[in-house]
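Q: This one is work.txt, compact mmCIF, C-alpha atoms.
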```txt
# COMPACT_ATOMS: atom_id res chain seq x y z
CA MET A 73 0.00 0.00 0.00
CA ALA A 74 2.83 2.38 0.89
CA SER A 75 4.34 1.81 -2.53
CA LYS A 76 1.43 3.52 -4.26
CA SER A 77 2.08 7.03 -5.50
CA LEU A 78 -0.23 9.81 -4.34
CA ARG A 79 -1.63 9.96 -7.85
CA GLN A 80 -2.62 6.30 -7.74
CA GLU A 81 -4.02 6.80 -4.26
CA PHE A 82 -6.30 9.49 -5.67
CA PHE A 83 -7.45 7.70 -8.80
CA LYS A 84 -8.23 4.37 -7.14
CA GLY A 85 -11.18 6.11 -5.46
CA VAL A 86 -12.41 7.43 -8.77
CA TRP A 87 -12.45 4.20 -10.77
CA ASP A 88 -10.89 1.00 -9.38
CA GLU A 89 -12.48 1.29 -5.96
CA ASN A 90 -15.28 3.71 -6.73
CA PRO A 91 -17.39 3.58 -3.57
CA ILE A 92 -20.73 3.28 -5.35
CA PHE A 93 -20.06 1.37 -8.55
CA ARG A 94 -17.42 -1.00 -7.17
CA GLN A 95 -17.78 -1.31 -3.44
CA LEU A 96 -21.56 -0.75 -3.33
CA LEU A 97 -21.19 1.38 -0.22
CA GLY A 98 -23.35 4.29 0.80
CA MET A 99 -26.31 3.12 -1.23
CA CYS A 100 -29.01 4.80 0.84
CA PRO A 101 -28.16 8.44 0.06
CA THR A 102 -27.15 7.45 -3.47
CA LEU A 103 -30.56 6.13 -4.30
CA ALA A 104 -32.61 8.51 -2.21
CA VAL A 105 -31.38 11.96 -3.20
CA THR A 106 -30.53 11.50 -6.87
CA ASN A 107 -33.96 12.52 -8.17
CA ALA A 108 -32.51 15.94 -9.13
CA VAL A 109 -28.97 17.01 -9.98
CA ILE A 110 -28.95 19.80 -7.39
CA ASN A 111 -29.81 17.34 -4.59
CA GLY A 112 -27.19 14.85 -5.76
CA LEU A 113 -24.56 17.58 -5.92
CA ALA A 114 -25.40 18.94 -2.47
CA MET A 115 -25.33 15.44 -1.02
CA GLY A 116 -22.00 14.69 -2.72
CA LEU A 117 -20.39 17.87 -1.44
CA ALA A 118 -21.74 17.40 2.11
CA THR A 119 -20.45 13.82 2.17
CA ALA A 120 -17.09 14.94 0.75
CA PHE A 121 -16.76 17.58 3.47
CA VAL A 122 -17.46 15.06 6.21
CA LEU A 123 -15.25 12.37 4.69
CA ILE A 124 -12.25 14.63 4.12
CA PHE A 125 -12.28 16.29 7.52
CA SER A 126 -12.99 13.08 9.45
CA SER A 127 -10.14 11.36 7.60
CA ILE A 128 -7.73 14.14 8.49
CA VAL A 129 -8.78 14.16 12.14
CA VAL A 130 -8.74 10.39 12.49
CA ALA A 131 -5.32 10.13 10.82
CA ALA A 132 -4.02 12.87 13.13
CA ILE A 133 -5.26 11.34 16.38
CA LYS A 134 -4.90 7.66 15.48
CA LYS A 135 -2.16 7.09 18.05
CA LEU A 136 -4.29 8.49 20.87
CA ILE A 137 -7.25 6.17 20.33
CA PRO A 138 -7.19 2.81 22.13
CA SER A 139 -8.16 0.15 19.60
CA GLN A 140 -11.05 -1.18 21.72
CA VAL A 141 -13.02 2.04 21.43
CA ARG A 142 -11.86 3.10 17.98
CA ILE A 143 -15.17 2.58 16.19
CA ALA A 144 -17.03 4.64 18.78
CA SER A 145 -14.39 7.37 18.55
CA TYR A 146 -14.60 7.45 14.76
CA ILE A 147 -18.37 7.75 14.99
CA VAL A 148 -18.12 10.72 17.35
CA VAL A 149 -15.67 12.46 15.00
CA ILE A 150 -17.91 11.77 12.01
CA ALA A 151 -21.06 12.83 13.85
CA THR A 152 -19.43 16.14 14.75
CA PHE A 153 -18.72 17.00 11.14
CA VAL A 154 -22.13 15.77 10.03
CA THR A 155 -23.77 18.08 12.56
CA MET A 156 -21.70 20.96 11.16
CA ALA A 157 -22.70 20.13 7.58
CA ASP A 158 -26.35 19.75 8.60
CA ARG A 159 -26.48 23.10 10.46
CA PHE A 160 -24.60 24.82 7.63
CA LEU A 161 -27.05 23.61 4.97
CA ALA A 162 -30.03 24.50 7.15
CA ALA A 163 -28.69 28.02 7.70
CA PHE A 164 -27.48 28.94 4.21
CA PHE A 165 -29.44 26.70 1.84
CA PRO A 166 -32.81 26.05 3.52
CA PRO A 167 -34.57 24.72 0.37
CA ILE A 168 -31.84 22.13 -0.26
CA SER A 169 -31.75 21.18 3.39
CA LYS A 170 -35.52 20.69 3.28
CA SER A 171 -35.49 18.52 0.17
CA LEU A 172 -32.65 16.34 1.48
CA GLY A 173 -34.57 15.93 4.76
CA PRO A 174 -33.24 13.22 7.07
CA TYR A 175 -30.58 12.16 4.58
CA VAL A 176 -28.07 14.80 5.70
CA PRO A 177 -27.99 13.54 9.32
CA LEU A 178 -27.89 10.04 7.87
CA ILE A 179 -24.44 10.72 6.41
CA VAL A 180 -23.28 9.64 9.85
CA VAL A 181 -24.15 6.02 9.07
CA ASN A 182 -22.86 6.19 5.50
CA CYS A 183 -20.64 3.13 5.31
CA ILE A 184 -18.16 4.84 2.95
CA ILE A 185 -17.02 7.22 5.66
CA LEU A 186 -16.66 4.74 8.51
CA GLY A 187 -15.19 2.23 6.08
CA ARG A 188 -12.41 4.61 4.97
CA GLN A 189 -11.53 5.47 8.58
CA GLU A 190 -11.23 1.82 9.52
CA ALA A 191 -9.52 0.69 6.32
CA PHE A 192 -7.28 3.64 5.56
CA SER A 193 -7.03 6.72 7.80
CA SER A 194 -6.31 4.72 10.93
CA LYS A 195 -3.22 3.20 9.27
CA ASN A 196 -1.82 6.05 7.18
CA SER A 197 -0.35 9.53 7.49
CA VAL A 198 -2.49 12.67 7.42
CA GLY A 199 -1.38 13.54 3.88
CA ARG A 200 -2.22 10.12 2.47
CA ALA A 201 -5.53 10.01 4.32
CA PHE A 202 -6.40 13.40 2.80
CA ILE A 203 -5.60 12.26 -0.76
CA ASP A 204 -7.51 9.02 -0.23
CA ALA A 205 -10.56 10.88 1.11
CA LEU A 206 -10.34 13.34 -1.79
CA GLY A 207 -10.28 10.49 -4.32
CA MET A 208 -13.17 8.62 -2.70
CA SER A 209 -15.23 11.83 -2.49
CA THR A 210 -14.55 12.58 -6.15
CA GLY A 211 -15.64 9.08 -7.10
CA PHE A 212 -18.76 9.45 -4.97
CA ILE A 213 -19.66 12.86 -6.43
CA ILE A 214 -19.12 11.64 -10.01
CA ALA A 215 -21.35 8.64 -9.38
CA LEU A 216 -24.06 10.81 -7.83
CA LEU A 217 -23.86 13.26 -10.75
CA ILE A 218 -24.19 10.52 -13.37
CA LEU A 219 -27.12 8.94 -11.57
CA SER A 220 -28.94 12.18 -10.86
CA SER A 221 -28.36 13.52 -14.40
CA ILE A 222 -29.92 10.42 -15.95
CA ARG A 223 -32.86 10.55 -13.54
CA GLU A 224 -33.51 14.26 -13.84
CA ILE A 225 -33.24 14.39 -17.62
CA LEU A 226 -35.50 11.39 -18.18
CA GLY A 227 -37.79 12.10 -15.24
CA SER A 228 -38.42 15.84 -15.65
CA GLY A 229 -36.72 16.73 -18.95
CA THR A 230 -34.46 19.20 -17.14
CA TRP A 231 -30.84 19.36 -15.98
CA LEU A 232 -30.06 21.43 -12.89
CA GLY A 233 -33.48 23.01 -13.40
CA HIS A 234 -32.84 24.04 -17.04
CA GLN A 235 -35.04 22.63 -19.76
CA VAL A 236 -32.89 20.37 -21.93
CA LEU A 237 -35.45 18.29 -23.74
CA GLY A 238 -38.08 20.00 -25.89
CA SER A 239 -41.78 20.18 -25.14
CA TRP A 240 -42.31 17.07 -27.28
CA PHE A 241 -40.78 15.05 -24.46
CA GLU A 242 -43.18 13.33 -22.12
CA PRO A 243 -41.29 13.01 -18.78
CA TRP A 244 -40.95 9.51 -17.39
CA ILE A 245 -42.29 10.28 -13.94
CA ILE A 246 -41.16 6.86 -12.78
CA MET A 247 -37.52 7.93 -13.03
CA ILE A 248 -37.77 10.48 -10.21
CA LEU A 249 -39.77 8.07 -8.04
CA PRO A 250 -38.08 5.35 -5.96
CA PRO A 251 -38.36 2.51 -8.55
CA GLY A 252 -36.44 4.63 -11.06
CA ALA A 253 -33.51 4.87 -8.67
CA PHE A 254 -33.19 1.11 -8.33
CA LEU A 255 -33.59 0.47 -12.06
CA THR A 256 -31.11 3.17 -13.12
CA LEU A 257 -28.42 2.04 -10.70
CA GLY A 258 -28.92 -1.62 -11.60
CA ILE A 259 -28.50 -0.93 -15.30
CA LEU A 260 -25.53 1.40 -14.66
CA LEU A 261 -23.77 -1.33 -12.68
CA GLY A 262 -24.22 -3.67 -15.61
CA LEU A 263 -22.81 -1.04 -18.00
CA ILE A 264 -19.77 -0.42 -15.78
CA MET A 265 -19.07 -4.16 -15.81
CA VAL A 266 -19.22 -4.21 -19.61
CA ILE A 267 -16.88 -1.20 -19.91
CA ASP A 268 -14.48 -2.67 -17.39
CA ARG A 269 -14.32 -5.96 -19.25
CA LYS A 270 -13.60 -4.12 -22.52
CA LEU A 271 -10.80 -2.15 -20.81
CA GLN A 272 -9.24 -5.27 -19.36
CA ARG A 273 -9.33 -7.04 -22.68
CA SER A 274 -7.55 -4.17 -24.43
CA VAL A 275 -4.74 -4.04 -21.83
CA MET B 87 -57.45 4.86 13.71
CA GLU B 88 -54.55 7.27 13.43
CA LEU B 89 -52.26 4.58 14.86
CA LEU B 90 -53.54 1.98 12.39
CA ALA B 91 -52.83 4.38 9.53
CA ILE B 92 -49.25 4.91 10.71
CA PHE B 93 -48.78 1.16 11.11
CA ILE B 94 -50.04 0.21 7.67
CA SER B 95 -48.29 3.02 5.90
CA ALA B 96 -44.99 2.13 7.58
CA ILE B 97 -45.29 -1.45 6.33
CA LEU B 98 -46.66 -1.02 2.84
CA ILE B 99 -46.61 2.55 1.58
CA ASN B 100 -43.60 4.27 3.11
CA ASN B 101 -41.68 1.03 3.27
CA PHE B 102 -38.23 1.73 4.67
CA VAL B 103 -36.36 -0.14 1.97
CA LEU B 104 -38.45 0.58 -1.08
CA HIS B 105 -39.54 4.12 -0.34
CA TYR B 106 -36.94 5.69 1.96
CA PHE B 107 -33.99 3.59 0.69
CA LEU B 108 -32.91 2.88 4.24
CA GLY B 109 -31.21 -0.39 5.08
CA ILE B 110 -30.15 -1.09 1.50
CA CYS B 111 -26.87 -2.68 2.62
CA PRO B 112 -28.42 -5.62 4.51
CA PHE B 113 -31.24 -5.69 1.96
CA LEU B 114 -28.73 -6.50 -0.78
CA GLY B 115 -26.18 -8.31 1.39
CA VAL B 116 -28.31 -10.68 3.45
CA SER B 117 -31.03 -11.50 0.95
CA LYS B 118 -29.37 -14.48 -0.73
CA LYS B 119 -30.95 -17.11 1.53
CA LEU B 120 -34.51 -17.12 2.82
CA ASP B 121 -33.79 -18.21 6.40
CA SER B 122 -31.03 -15.69 7.01
CA ALA B 123 -33.28 -13.00 5.57
CA ILE B 124 -35.97 -13.93 8.10
CA SER B 125 -33.47 -13.76 10.98
CA MET B 126 -32.20 -10.39 9.81
CA GLY B 127 -35.73 -9.07 9.50
CA LEU B 128 -36.61 -10.20 13.02
CA ALA B 129 -33.42 -8.74 14.49
CA VAL B 130 -34.08 -5.39 12.81
CA THR B 131 -37.71 -5.31 13.92
CA PHE B 132 -36.63 -6.05 17.48
CA VAL B 133 -33.95 -3.36 17.60
CA MET B 134 -36.15 -0.84 15.79
CA THR B 135 -38.91 -1.18 18.36
CA ILE B 136 -36.51 -0.60 21.24
CA THR B 137 -34.73 2.24 19.42
CA ALA B 138 -38.06 3.95 18.78
CA VAL B 139 -38.82 3.92 22.52
CA VAL B 140 -35.37 4.98 23.72
CA SER B 141 -34.77 7.68 21.11
CA TRP B 142 -38.18 9.19 21.87
CA ILE B 143 -37.36 9.34 25.57
CA ILE B 144 -33.95 10.91 24.92
CA ASN B 145 -35.38 13.40 22.50
CA HIS B 146 -38.37 14.51 24.57
CA TRP B 147 -36.99 14.23 28.10
CA VAL B 148 -33.42 15.36 27.59
CA LEU B 149 -32.69 17.09 24.28
CA ILE B 150 -35.81 19.23 23.85
CA PRO B 151 -36.17 20.45 27.49
CA TYR B 152 -32.53 21.50 27.57
CA LYS B 153 -32.62 22.92 24.00
CA LEU B 154 -29.91 20.53 22.82
CA GLU B 155 -31.56 19.46 19.56
CA TYR B 156 -28.33 20.02 17.67
CA LEU B 157 -26.88 17.05 19.57
CA GLN B 158 -29.54 14.76 18.06
CA ILE B 159 -27.20 13.13 15.55
CA VAL B 160 -24.41 12.39 18.03
CA SER B 161 -26.71 11.21 20.80
CA PHE B 162 -28.89 9.01 18.57
CA ILE B 163 -25.93 7.20 17.03
CA LEU B 164 -24.31 6.61 20.41
CA VAL B 165 -27.60 5.40 21.87
CA ILE B 166 -28.11 3.00 18.98
CA ALA B 167 -24.56 1.63 19.18
CA SER B 168 -24.75 1.00 22.91
CA LEU B 169 -28.30 -0.29 22.65
CA VAL B 170 -27.34 -2.94 20.14
CA GLN B 171 -24.53 -4.04 22.48
CA LEU B 172 -26.92 -4.21 25.42
CA VAL B 173 -29.57 -6.10 23.48
CA GLU B 174 -26.91 -8.54 22.33
CA MET B 175 -25.73 -9.24 25.88
CA PHE B 176 -29.30 -9.48 27.17
CA ILE B 177 -30.39 -11.98 24.53
CA ARG B 178 -27.26 -14.06 25.00
CA LYS B 179 -28.06 -14.44 28.71
CA THR B 180 -31.81 -14.87 28.57
CA SER B 181 -32.50 -16.70 25.34
CA PRO B 182 -29.60 -18.65 23.81
CA PRO B 183 -31.74 -20.13 21.00
CA LEU B 184 -32.79 -16.67 19.84
CA TYR B 185 -29.18 -15.53 20.11
CA GLN B 186 -28.11 -18.45 17.93
CA ALA B 187 -30.77 -17.61 15.37
CA LEU B 188 -29.81 -13.95 15.12
CA GLY B 189 -26.08 -14.65 15.22
CA ILE B 190 -23.87 -12.23 13.34
CA TYR B 191 -26.80 -10.08 12.23
CA LEU B 192 -27.28 -8.42 15.58
CA PRO B 193 -23.97 -6.50 15.74
CA LEU B 194 -24.28 -5.62 12.06
CA ILE B 195 -27.44 -3.69 12.84
CA THR B 196 -25.45 -0.82 14.38
CA THR B 197 -24.35 0.30 10.95
CA ASN B 198 -27.79 -0.21 9.47
CA CYS B 199 -29.03 3.18 8.43
CA ALA B 200 -32.63 2.06 8.83
CA ILE B 201 -32.29 2.23 12.61
CA MET B 202 -30.79 5.72 12.59
CA GLY B 203 -33.33 6.73 9.96
CA LEU B 204 -36.15 5.54 12.18
CA ALA B 205 -34.97 7.67 15.12
CA LEU B 206 -34.53 10.73 12.89
CA LEU B 207 -37.80 10.31 10.99
CA ALA B 208 -39.80 9.83 14.18
CA ALA B 209 -38.25 13.02 15.57
CA LEU B 210 -38.87 14.85 12.28
CA LYS B 211 -42.51 13.83 12.11
CA ASN B 212 -43.10 14.89 15.71
CA TYR B 213 -44.81 11.65 16.64
CA ASN B 214 -46.05 11.24 20.22
CA PHE B 215 -44.94 8.24 22.26
CA MET B 216 -47.53 5.69 21.09
CA GLU B 217 -47.19 6.79 17.47
CA THR B 218 -43.42 6.39 17.66
CA VAL B 219 -43.72 2.84 19.02
CA VAL B 220 -46.23 1.86 16.34
CA PHE B 221 -44.04 3.49 13.69
CA GLY B 222 -41.05 1.48 14.96
CA VAL B 223 -42.84 -1.87 14.90
CA GLY B 224 -44.44 -1.16 11.52
CA SER B 225 -41.18 -0.07 9.93
CA GLY B 226 -39.44 -3.18 11.24
CA LEU B 227 -42.16 -5.42 9.81
CA GLY B 228 -41.99 -3.51 6.53
CA PHE B 229 -38.26 -4.14 6.35
CA THR B 230 -38.82 -7.82 7.12
CA LEU B 231 -41.47 -8.09 4.41
CA ALA B 232 -39.20 -6.49 1.81
CA ILE B 233 -36.10 -8.55 2.64
CA VAL B 234 -38.04 -11.84 2.81
CA LEU B 235 -39.73 -11.21 -0.54
CA MET B 236 -36.36 -10.28 -2.01
CA ALA B 237 -34.71 -13.46 -0.68
CA GLY B 238 -37.53 -15.56 -2.13
CA ILE B 239 -37.03 -13.97 -5.53
CA ARG B 240 -33.24 -14.26 -5.41
CA GLU B 241 -33.33 -17.95 -4.52
CA ARG B 242 -35.29 -18.48 -7.71
CA LEU B 243 -33.04 -16.10 -9.64
CA ASP B 244 -30.12 -18.49 -9.05
CA LEU B 245 -31.67 -20.82 -11.59
CA ALA B 246 -32.42 -18.09 -14.12
CA ASP B 247 -30.25 -17.14 -17.05
CA VAL B 248 -29.11 -13.63 -16.12
CA PRO B 249 -26.93 -11.67 -18.58
CA GLU B 250 -23.31 -11.89 -17.44
CA PRO B 251 -22.66 -8.18 -16.56
CA LEU B 252 -25.86 -7.92 -14.52
CA LYS B 253 -25.11 -10.89 -12.25
CA GLY B 254 -25.05 -10.07 -8.54
CA ALA B 255 -25.89 -6.55 -7.48
CA GLY B 256 -27.12 -5.36 -10.89
CA ILE B 257 -30.00 -7.77 -11.19
CA ALA B 258 -30.78 -7.44 -7.47
CA LEU B 259 -31.26 -3.69 -7.89
CA ILE B 260 -33.45 -4.16 -10.94
CA VAL B 261 -35.60 -6.67 -9.04
CA ALA B 262 -35.83 -4.16 -6.18
CA GLY B 263 -36.95 -1.53 -8.67
CA ILE B 264 -39.73 -3.74 -9.95
CA MET B 265 -40.73 -4.55 -6.36
CA ALA B 266 -40.86 -0.84 -5.53
CA LEU B 267 -43.05 -0.39 -8.59
CA GLY B 268 -45.36 -3.08 -7.25
CA PHE B 269 -45.53 -1.48 -3.83
CA PHE B 270 -46.64 1.75 -5.49
CA GLY B 271 -49.95 0.03 -5.94
CA PHE B 272 -50.58 0.49 -2.22
CA SER B 273 -49.99 4.23 -2.21
CA GLY B 274 -53.64 5.13 -2.73
CA MET B 275 -54.73 3.20 0.37
CA ILE B 276 -54.18 5.96 2.92
CA LYS B 277 -54.37 9.66 2.24
```
Here is a file; write its structure as structure tokens.
A:
Amino acid sequence: MASKSLRQEFFKGVWDENPIFRQLLGMCPTLAVTNAVINGLAMGLATAFVLIFSSIVVAAIKKLIPSQVRIASYIVVIATFVTMADRFLAAFFPPISKSLGPYVPLIVVNCIILGRQEAFSSKNSVGRAFIDALGMSTGFIIALLILSSIREILGSGTWLGHQVLGSWFEPWIIMILPPGAFLTLGILLGLIMVIDRKLQRSV
Amino acid sequence: MELLAIFISAILINNFVLHYFLGICPFLGVSKKLDSAISMGLAVTFVMTITAVVSWIINHWVLIPYKLEYLQIVSFILVIASLVQLVEMFIRKTSPPLYQALGIYLPLITTNCAIMGLALLAALKNYNFMETVVFGVGSGLGFTLAIVLMAGIRERLDLADVPEPLKGAGIALIVAGIMALGFFGFSGMIK
């Protein structure tokens, strides 16, 4: 692991170990808030904030935490940053905070964040933990953007609130409802597998 | 009547898995075999009911009187984590057969977002004590229903000819989508 360059550390989160498409972690917010691009983006940024700062803090204090209570300590660190993100959104972006509802506080149980602390930050330096968190967050945000773009364009004919498909287009309401989330992600996973196999064959 | 409405809507209409997307991890991870799905469902229902009670007490007797609502996230997650530990120890002492049946699924529940979601949603909806308890039991049963149905379908899916790239999580998500579509049929039941 130590032999990896910082560049590789960053890009593994984007493709090879993409939290959503590869590790299938953090599915709840992924499916729940991707009915519009703005929600997906807000969720991605909030999660990135929490992940990056918790990784830095955990990597910095890893020697102080006895291993028996490490999970509980990580959770307290994460919960602190989640509370900050939640209050911040509620104060500055009330409409977004309202439409994300309970899913902002639920970042605290997002398995990506706890998973990275346990698997990476607790064993690596602050710098590496930061790069790793940055890569994972980028991968997460990209995945949320892809998913929410597909759902918003097909489900309401808009992208970030702008009309992209003409008036001839009859929106597929189902795409912004829960079943659309499951179907889109299922098909996307299949596509990623196909692309990956093509890539591996060409190498 | 009000309570009955909350109960039914928690099971069928606002199903935790298919409507709120909470508890997707166990829903996809533990739904390969029917009997483990049943154990997981029971364990979740059990913990959800207790969480509903305890989180309501914490919220209404401690956090709200002292104006500490901003500590909701931290206190709920700590309560849930310690609660699961306590429940585990209690069951191990009092009912070994039940402990055997639940096995590994009990500790896994701590990281199940459905439990945290239940505490937050009940606080968000401002339910009174009885409503919170009914909401907890109903949501647990709703989760059980979804995961058991899913396991039944997946056991059959093993024999089906699924396209190679969709094997595993892909087809499971598509099945879940179709199930969610089916559950939409219930949405007109309660206004």
Q: Please provide as a list in words all residues within 12 Å of Ala167 (chain B), with the sequence filter that same-chain residues fewer than 6 positions apart are discarded (counting all atoms listed in the file).
A: Val141, Ile143, Ala144, Ser145, Ile147, Val148 and Val181 of chain A; Val133, Thr137, Val160, Ser161, Val173, Glu174, Leu192, Pro193, Leu194, Ile195, Thr196, Thr197, Asn198, Cys199, Ile201 and Met202 of chain B
Q: Enter the distance from CA of Gly224 (chain B) to CA of Phe102 (chain B), in Å, rounded to one decimal.
A: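 These atoms are spaced 9.7 Å apart.
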Q: One decimal, in Å: what's the spacing between CA of Phe93 (chain B) and CA of Phe162 (chain B)?
A: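 Separation of CA of Phe93 (chain B) and CA of Phe162 (chain B): 22.6 Å.
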Q: In terms of the shortest atom-to-atom distance over all atoms listed in the file, which of A:Ile133, A:Ser139, A:Phe125, A:Glu224 is closest to Ser197 (chain A)?
A: A:Ile133
Q: If I take CA of Ala163 (chain A) and CA of Ala114 (chain A), how far is one from the other in Å, to one decimal?
A: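 It comes out at 14.0 Å.
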Q: Report as a PyMOL selection string the set of chain B residues whose atoms approach chain A to within 6 Å, with distances computed over all atoms listed in the file.
A: chain B and resi 105+107-108+160+199+251-252+256+259-260+263+266-267
Q: Write the selection just made, keeping C-alpha atoms, as an mmCIF file, keeping the file's coordinate frame?
A:
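Wrote it out as out.cif, contents follow:
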```cif
data_model
loop_
_atom_site.group_PDB
_atom_site.id
_atom_site.type_symbol
_atom_site.label_atom_id
_atom_site.label_comp_id
_atom_site.auth_asym_id
_atom_site.auth_seq_id
_atom_site.Cartn_x
_atom_site.Cartn_y
_atom_site.Cartn_z
ATOM 1 C CA HIS B 105 -39.540 4.120 -0.340
ATOM 2 C CA PHE B 107 -33.990 3.590 0.690
ATOM 3 C CA LEU B 108 -32.910 2.880 4.240
ATOM 4 C CA VAL B 160 -24.410 12.390 18.030
ATOM 5 C CA CYS B 199 -29.030 3.180 8.430
ATOM 6 C CA PRO B 251 -22.660 -8.180 -16.560
ATOM 7 C CA LEU B 252 -25.860 -7.920 -14.520
ATOM 8 C CA GLY B 256 -27.120 -5.360 -10.890
ATOM 9 C CA LEU B 259 -31.260 -3.690 -7.890
ATOM 10 C CA ILE B 260 -33.450 -4.160 -10.940
ATOM 11 C CA GLY B 263 -36.950 -1.530 -8.670
ATOM 12 C CA ALA B 266 -40.860 -0.840 -5.530
ATOM 13 C CA LEU B 267 -43.050 -0.390 -8.590
#
```
Q: So that I can check the surroundings of Ala120 (chain A), please list as a PyMOL selection string every protein, DNA and RNA residue that reaches within 9 Å of it, counting all atoms listed in the file and ignoring chain neighbours fewer than 3 positions away.
A: chain A and resi 115-117+123-125+205-206+208-210+212-213
Q: List the residues sitting within 12 Å of (-6.1, 17.1, 11.3) in the file's frame, using all atoms listed in the file, as an MDAnalysis selection string.
A: chainID A and resid 124:134 149 193 197:202
Q: Would you kindly return, as a JSON list (two decimals) with C-alpha atoms, keeping the file's coordinate frame, each protein, DNA or RNA residue with an atom no farther than 9 Å from any atom of Ala209 (chain B), considering all atoms listed in the file and excluding same-chain residues fewer than 2 positions away?
A:
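Output (out11.json):
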```
[["chain", "number", "residue", "atom", "x", "y", "z"],
["B", 141, "SER", "CA", -34.77, 7.68, 21.11],
["B", 142, "TRP", "CA", -38.18, 9.19, 21.87],
["B", 145, "ASN", "CA", -35.38, 13.40, 22.50],
["B", 204, "LEU", "CA", -36.15, 5.54, 12.18],
["B", 205, "ALA", "CA", -34.97, 7.67, 15.12],
["B", 206, "LEU", "CA", -34.53, 10.73, 12.89],
["B", 207, "LEU", "CA", -37.80, 10.31, 10.99],
["B", 211, "LYS", "CA", -42.51, 13.83, 12.11],
["B", 212, "ASN", "CA", -43.10, 14.89, 15.71],
["B", 213, "TYR", "CA", -44.81, 11.65, 16.64],
["B", 218, "THR", "CA", -43.42, 6.39, 17.66]]
```
Q: Using all atoms listed in the file, find each residue of region 189-242 of chain B with at least one atom at most 7 Å away from an atom of region 113-130 of chain B; report its shortest atom-to-atom pair and that distance in Å (one decimal), sort the rows by chain and rising residue number, and return the result as a tab-separated table.
A:
```
residue	atom	partner	partner_atom	distance
B:Tyr191	CA	B:Met126	CA	5.9
B:Leu192	CA	B:Ala129	CA	6.2
B:Ile195	CA	B:Val130	CA	6.9
B:Gly226	CA	B:Val130	CA	6.0
B:Phe229	CA	B:Gly127	CA	6.4
B:Thr230	CA	B:Gly127	CA	4.1
B:Ile233	CA	B:Phe113	CA	5.7
B:Val234	CA	B:Ala123	CA	5.6
B:Met236	CA	B:Ser117	CA	6.2
B:Ala237	CA	B:Ser117	CA	4.5
B:Gly238	CA	B:Leu120	CA	6.0
B:Arg240	CA	B:Lys118	CA	6.1
B:Glu241	CA	B:Lys118	CA	6.5
```
Q: The residues within 12 Å of (-26.8, 22.5, -5.6), using only C-alpha atoms and the coordinates of the file, should be reported as a VMD selection string; which are they?
A: chain A and resid 105 to 106 108 to 118 161 164 to 169 171 to 172 217 220 231 to 233
Q: Could you tell me which of A:Asp204, A:Gln235, A:Ile184, A:Ile218 comes closest to Arg94 (chain A) if we count all atoms listed in the file?
A: A:Ile184
Q: Nearest to Val122 (chain A) among A:Arg188, A:Ser194, A:Glu89, A:His234, with distances taken over all atoms listed in the file: which residue is it?
A: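 Smallest separation from Val122 (chain A) among the options: A:Arg188.
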Q: I'd like the contact shell of Trp244 (chain A) - 12 Å cut-off, only C-alpha atoms, skipping same-chain residues fewer than 4 positions apart - returned as a ChimeraX atom specification.
A: /A:107,222-230,248-249,251-252
Q: Here is a test: counting all atoms listed in the file, which residue of B:Ile150, B:Val261, B:Ile143, B:Ala138 is nearest to Ile166 (chain B)?
A: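 Closest to Ile166 (chain B), using all atoms listed in the file: B:Ala138.
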